[in-house]
>>> print(open('protein32.cif').read())   # mmCIF, C-alpha atoms and all ligand atoms
data_run
loop_
_atom_site.label_atom_id
_atom_site.label_comp_id
_atom_site.auth_asym_id
_atom_site.auth_seq_id
_atom_site.Cartn_x
_atom_site.Cartn_y
_atom_site.Cartn_z
CA MET G 1 -51.50 40.97 -37.27
CA GLY G 2 -52.55 37.46 -36.31
CA LEU G 3 -50.34 34.55 -35.36
CA ARG G 4 -49.93 31.97 -38.13
CA LYS G 5 -50.39 28.46 -36.95
CA ARG G 6 -47.31 26.28 -37.68
CA SER G 7 -48.36 23.39 -39.84
CA VAL G 8 -47.12 19.94 -38.82
CA SER G 9 -47.04 17.25 -41.46
CA HIS G 10 -48.45 13.88 -40.48
CA ASP G 11 -47.82 12.38 -43.90
CA PRO G 12 -45.25 9.57 -43.33
CA ASP G 13 -43.89 10.01 -46.84
CA LYS G 14 -43.14 13.69 -46.37
CA PRO G 15 -39.97 14.76 -44.60
CA ASP G 16 -40.51 16.51 -41.25
CA ASP G 17 -37.32 18.45 -41.81
CA PRO G 18 -36.51 18.90 -45.45
CA GLY G 19 -33.23 20.64 -44.67
CA GLY G 20 -32.17 18.22 -41.88
CA ALA G 21 -30.41 14.91 -41.77
CA ALA G 22 -32.86 13.20 -44.05
CA GLY G 23 -32.33 15.81 -46.72
CA GLY G 24 -34.68 15.37 -49.58
CA SER G 25 -35.47 11.73 -48.91
CA SER G 26 -38.72 10.64 -47.45
CA ARG G 27 -38.79 9.53 -43.80
CA ARG G 28 -39.55 5.97 -44.87
CA THR G 29 -36.61 5.89 -47.31
CA PHE G 30 -34.34 7.36 -44.66
CA LEU G 31 -35.33 4.74 -42.09
CA VAL G 32 -34.93 1.90 -44.55
CA ARG G 33 -31.46 3.10 -45.57
CA GLY G 34 -30.45 3.56 -41.92
CA ALA G 35 -31.59 0.07 -41.02
CA ALA G 36 -29.67 -1.41 -43.93
CA ALA G 37 -26.51 0.45 -42.95
CA GLY G 38 -26.87 -0.73 -39.36
CA ALA G 39 -27.31 -4.30 -40.47
CA GLY G 40 -24.17 -4.01 -42.59
CA ILE G 41 -22.08 -2.80 -39.65
CA ALA G 42 -23.44 -5.51 -37.39
CA GLY G 43 -22.77 -8.11 -40.06
CA ALA G 44 -19.17 -7.01 -40.50
CA SER G 45 -18.68 -7.04 -36.76
CA MET G 46 -20.11 -10.57 -36.52
CA LEU G 47 -17.77 -11.72 -39.27
CA ARG G 48 -14.80 -10.37 -37.35
CA THR G 49 -16.02 -12.00 -34.11
CA VAL G 50 -16.54 -15.39 -35.74
CA GLY G 51 -13.01 -15.39 -37.14
CA ALA G 52 -11.28 -14.23 -33.93
CA PRO G 53 -10.03 -16.55 -31.14
CA PRO G 54 -12.02 -16.41 -27.87
CA ALA G 55 -11.11 -13.48 -25.60
CA ALA G 56 -10.13 -15.85 -22.77
CA ALA G 57 -7.66 -17.63 -25.05
CA THR G 58 -5.95 -14.37 -26.04
CA ASP G 59 -5.85 -13.22 -22.39
CA ALA G 60 -4.29 -16.51 -21.30
CA ALA G 61 -1.72 -16.31 -24.08
CA ALA G 62 -0.84 -12.72 -23.08
CA ALA G 63 -0.76 -13.33 -19.29
CA PRO G 64 2.74 -13.22 -17.79
CA PRO G 65 3.97 -16.36 -16.06
CA PRO G 66 3.46 -16.41 -12.27
CA PRO G 67 6.39 -14.99 -10.31
CA PRO G 68 8.87 -17.48 -8.90
CA THR G 69 8.48 -18.35 -5.25
CA ARG G 70 10.83 -19.73 -2.66
CA ARG G 71 10.41 -21.31 0.72
CA LEU G 72 11.74 -19.16 3.53
CA THR G 73 12.14 -19.97 7.20
CA LEU G 74 12.43 -17.11 9.66
CA SER G 75 12.18 -16.69 13.39
CA VAL G 76 9.67 -13.94 14.05
CA ASN G 77 9.34 -12.85 17.66
CA GLY G 78 10.82 -16.18 18.71
CA ARG G 79 8.46 -18.31 16.67
CA THR G 80 9.63 -20.22 13.60
CA ARG G 81 7.69 -19.32 10.47
CA THR G 82 7.97 -21.09 7.13
CA LEU G 83 6.48 -19.27 4.17
CA ASP G 84 6.30 -19.84 0.42
CA LEU G 85 6.91 -16.32 -0.84
CA ASP G 86 7.19 -14.46 -4.10
CA VAL G 87 10.96 -13.97 -4.33
CA ARG G 88 10.35 -10.24 -4.71
CA ALA G 89 8.22 -9.91 -1.55
CA SER G 90 9.41 -7.38 1.00
CA LEU G 91 9.93 -8.33 4.61
CA LEU G 92 7.19 -5.80 5.43
CA ASP G 93 4.63 -7.62 3.28
CA ALA G 94 5.72 -10.99 4.65
CA VAL G 95 5.28 -9.78 8.22
CA ARG G 96 2.02 -7.89 7.70
CA ASP G 97 0.20 -9.77 4.96
CA ARG G 98 1.46 -13.32 5.38
CA ILE G 99 2.04 -13.55 9.12
CA GLY G 100 -0.60 -11.01 10.12
CA LEU G 101 1.54 -8.87 12.42
CA THR G 102 0.11 -5.49 11.51
CA GLY G 103 1.83 -3.49 14.24
CA THR G 104 4.56 -2.79 11.69
CA LYS G 105 3.19 0.02 9.53
CA LYS G 106 3.40 0.65 5.82
CA GLY G 107 3.82 4.39 5.44
CA CYS G 108 5.69 5.40 2.29
CA ASN G 109 6.76 1.86 1.23
CA GLN G 110 9.92 3.38 -0.21
CA GLY G 111 12.35 3.85 2.63
CA ALA G 112 11.55 7.45 3.52
CA CYS G 113 9.46 7.40 6.72
CA GLY G 114 10.67 4.65 9.06
CA ALA G 115 7.16 3.44 9.95
CA CYS G 116 8.10 -0.10 8.89
CA THR G 117 11.18 -0.40 11.15
CA VAL G 118 11.80 -3.85 12.63
CA LEU G 119 14.89 -5.50 14.10
CA VAL G 120 16.64 -8.09 11.95
CA ASP G 121 19.26 -9.93 13.98
CA GLY G 122 19.08 -7.00 16.38
CA ARG G 123 19.72 -4.28 13.79
CA ARG G 124 17.25 -1.54 12.86
CA THR G 125 15.92 -2.40 9.43
CA LEU G 126 13.47 -0.77 7.05
CA SER G 127 11.35 -3.78 6.23
CA CYS G 128 9.78 -2.15 3.16
CA LEU G 129 13.18 -2.01 1.47
CA THR G 130 14.25 -5.50 2.53
CA ILE G 131 13.69 -8.52 0.32
CA ALA G 132 12.38 -11.20 2.67
CA ALA G 133 13.99 -14.04 0.72
CA ARG G 134 17.44 -12.67 1.56
CA HIS G 135 16.92 -13.34 5.27
CA GLU G 136 16.70 -17.08 5.49
CA GLY G 137 17.12 -18.07 9.14
CA ALA G 138 17.10 -14.48 10.41
CA GLU G 139 15.76 -13.43 13.78
CA VAL G 140 13.10 -10.79 13.21
CA THR G 141 11.57 -8.76 16.02
CA THR G 142 8.49 -6.63 15.48
CA ILE G 143 6.68 -4.38 17.91
CA GLU G 144 4.50 -7.34 18.91
CA GLY G 145 7.57 -9.20 20.16
CA LEU G 146 9.60 -6.37 21.65
CA GLU G 147 8.65 -7.27 25.20
CA ARG G 148 10.79 -10.41 24.84
CA LEU G 149 13.86 -8.18 24.61
CA GLY G 150 12.88 -6.10 27.61
CA GLY G 151 14.19 -8.25 30.39
CA GLY G 152 10.97 -10.10 31.18
CA GLU G 153 9.27 -7.30 33.09
CA GLY G 154 6.33 -6.64 30.82
CA LEU G 155 6.75 -3.82 28.37
CA HIS G 156 10.19 -3.06 26.97
CA PRO G 157 11.77 0.00 28.70
CA VAL G 158 11.41 1.99 25.46
CA GLN G 159 7.69 1.18 25.29
CA ARG G 160 7.26 2.30 28.90
CA ALA G 161 9.19 5.51 28.26
CA PHE G 162 7.01 6.36 25.26
CA LEU G 163 3.93 5.92 27.42
CA GLU G 164 5.33 7.99 30.26
CA HIS G 165 6.48 10.82 27.98
CA ASP G 166 3.53 10.84 25.57
CA GLY G 167 5.86 10.05 22.71
CA PHE G 168 3.02 9.90 20.21
CA GLN G 169 -0.15 11.58 19.06
CA CYS G 170 -2.00 9.67 16.30
CA GLY G 171 0.32 6.71 16.85
CA PHE G 172 0.89 5.78 13.22
CA CYS G 173 4.64 6.23 13.37
CA THR G 174 4.98 4.95 16.94
CA SER G 175 5.82 1.30 16.39
CA GLY G 176 8.58 2.33 14.00
CA GLN G 177 9.84 4.98 16.44
CA ILE G 178 9.92 2.49 19.30
CA MET G 179 11.66 -0.20 17.26
CA SER G 180 14.20 2.32 16.04
CA ALA G 181 14.84 3.59 19.57
CA ALA G 182 15.18 0.05 20.90
CA GLY G 183 17.68 -0.75 18.15
CA LEU G 184 19.57 2.48 18.79
CA LEU G 185 19.92 1.83 22.53
CA ALA G 186 21.09 -1.73 21.83
CA GLU G 187 23.76 -0.36 19.47
CA ARG G 188 24.70 2.70 21.54
CA PRO G 189 23.53 2.30 25.15
CA ASP G 190 25.27 5.57 26.07
CA VAL G 191 24.17 7.60 23.07
CA PRO G 192 24.58 11.29 24.06
CA ASP G 193 21.59 13.61 24.05
CA GLU G 194 22.92 15.59 21.11
CA ASP G 195 23.02 12.48 18.91
CA ILE G 196 19.53 11.21 19.61
CA ALA G 197 17.66 13.40 17.12
CA GLU G 198 20.16 12.53 14.40
CA GLU G 199 20.02 8.82 15.20
CA MET G 200 16.21 8.91 15.09
CA SER G 201 16.03 11.09 11.99
CA GLY G 202 15.01 8.21 9.74
CA ASN G 203 11.69 8.01 11.57
CA LEU G 204 9.29 10.75 10.57
CA CYS G 205 6.32 11.86 12.64
CA ARG G 206 3.55 13.71 10.83
CA CYS G 207 2.22 14.86 14.20
CA ALA G 208 5.61 16.38 15.03
CA ALA G 209 5.79 14.72 18.42
CA TYR G 210 9.57 14.94 18.26
CA PRO G 211 10.22 16.67 21.64
CA ASN G 212 8.34 13.93 23.47
CA ILE G 213 9.87 11.18 21.34
CA ASN G 214 13.36 12.46 22.15
CA ALA G 215 12.46 12.77 25.83
CA ALA G 216 11.26 9.15 25.78
CA VAL G 217 14.49 7.94 24.19
CA ARG G 218 16.54 9.86 26.77
CA ALA G 219 14.48 8.38 29.59
CA ALA G 220 14.83 4.84 28.22
CA ARG G 221 18.57 5.33 27.94
CA GLY G 222 18.71 6.54 31.54
CA GLY G 223 21.95 7.73 33.11
CA LYS G 224 23.06 11.19 32.16
S1 LIG Z 301 7.18 2.31 4.96
FE1 LIG Z 301 9.25 1.73 5.03
S2 LIG Z 301 10.32 3.61 5.23
FE2 LIG Z 301 8.24 4.21 4.98
S1 LIG Z 302 2.32 10.30 16.29
FE1 LIG Z 302 1.22 10.72 14.46
S2 LIG Z 302 2.68 10.38 12.92
FE2 LIG Z 302 3.82 10.26 14.72
#
>>> encode(input="protein32.cif", output="structure tokens")
Amino acid sequence: MGLRKRSVSHDPDKPDDPGGAAGGSSRRTFLVRGAAAGAGIAGASMLRTVGAPPAAATDAAAAPPPPPTRRLTLSVNGRTRTLDLDVRASLLDAVRDRIGLTGTKKGCNQGACGACTVLVDGRRTLSCLTIAARHEGAEVTTIEGLERLGGGEGLHPVQRAFLEHDGFQCGFCTSGQIMSAAGLLAERPDVPDEDIAEEMSGNLCRCAAYPNINAAVRAARGGK
């Protein structure tokens, strides 16, 4: 039994696949019809495009108005700063993105981790949850300016204690931990040991350096 050679038509007017997409039409007829259909679609599309307003005009009409801004004057680390800010801007974004003090960290940006802690008028404050525009005239201290509150002997005592007690590993949470501890010791200079973990519980540490952080706070407190 010999193999039968498959015949291949080279006649352009004969369908290559009589049962396929072209059905019973010739290849030429099929191509002509396809081209006409394509031209019809393109024509309809062009008609729609000609009648429509330019895309830029519709985008501009749909764009929301720019957010309102307000001028805000703050003292940051003892230096007066005047900023024109979106009224919704957080103190964290003002400090990091507008003033460029990136020692204050953006962790969760929703009040859960404490990485963004700064002092506002001496009080521990989560800067990610604080609307900057509400603090006209406030005194803001970030980690970059903490030395100023340390009695003029270089690093603040809390910064020194964190160094001496290895109160950090990766360091991401550390500026928030230090600012929180500095605020705590200003509020409660005699905070007892058993309250320290609770007082610092708003500052999370993914590296779990808590024993050393607590030791550093105890050392900075001194005394008992
Ligand atoms: S970044 Fe503000 S609490 Fe986490
Ligand atoms: S030292 Fe790494 S998150 Fe606290």
>>> residues_near_ligand(input="protein32.cif", ligand="ligand LIG 302 (chain Z)", cutoff="8 Å", atoms="all atoms listed in the file", output="JSON, numbers by chain")
{"G": [167, 168, 169, 170, 171, 172, 173, 174, 204, 205, 206, 207, 208, 209]}
>>> residues_near_ligand(input="protein32.cif", ligand="ligand LIG 301 (chain Z)", cutoff="10 Å", atoms="only C-alpha atoms and all ligand atoms", output="list in words")
Ser90, Leu92, Thr104, Lys105, Lys106, Gly107, Cys108, Asn109, Gln110, Gly111, Ala112, Cys113, Gly114, Ala115, Cys116, Thr117, Val118, Thr125, Leu126, Ser127, Cys128, Leu129, Thr130, Cys173, Gly176, Gly202, Asn203 and Leu204 of chain G
>>> residues_around(input="protein32.cif", residues="G:Ala161", least_positions_apart="5", cutoff="12 Å", atoms="only C-alpha atoms", output="list in words")
Leu155, His156, Asp166, Gly167, Phe168, Gln177, Ile178, Ala181, Ala182, Asn212, Ile213, Asn214, Ala215, Ala216, Val217, Arg218, Ala219, Ala220, Arg221 and Gly222 of chain G
>>> residues_around(input="protein32.cif", residues="G:Arg70", least_positions_apart="6", cutoff="12 Å", atoms="all atoms listed in the file", output="list in words")
Thr82, Leu83, Asp84, Leu85, Asp86, Val87, Arg88, Ala89, Ile131, Ala132, Ala133, Arg134, His135 and Glu136 of chain G
>>> write_last_selection(input="protein32.cif", atoms="C-alpha atoms", output="compact mmCIF listing (two decimals), in the coordinates of the input")
# COMPACT_ATOMS: atom_id res chain seq x y z
CA THR G 82 7.97 -21.09 7.13
CA LEU G 83 6.48 -19.27 4.17
CA ASP G 84 6.30 -19.84 0.42
CA LEU G 85 6.91 -16.32 -0.84
CA ASP G 86 7.19 -14.46 -4.10
CA VAL G 87 10.96 -13.97 -4.33
CA ARG G 88 10.35 -10.24 -4.71
CA ALA G 89 8.22 -9.91 -1.55
CA ILE G 131 13.69 -8.52 0.32
CA ALA G 132 12.38 -11.20 2.67
CA ALA G 133 13.99 -14.04 0.72
CA ARG G 134 17.44 -12.67 1.56
CA HIS G 135 16.92 -13.34 5.27
CA GLU G 136 16.70 -17.08 5.49
>>> atom_distance(input="protein32.cif", atom1="atom CA of G:Gly122", atom2="atom CA of G:Leu185")
10.8 Å
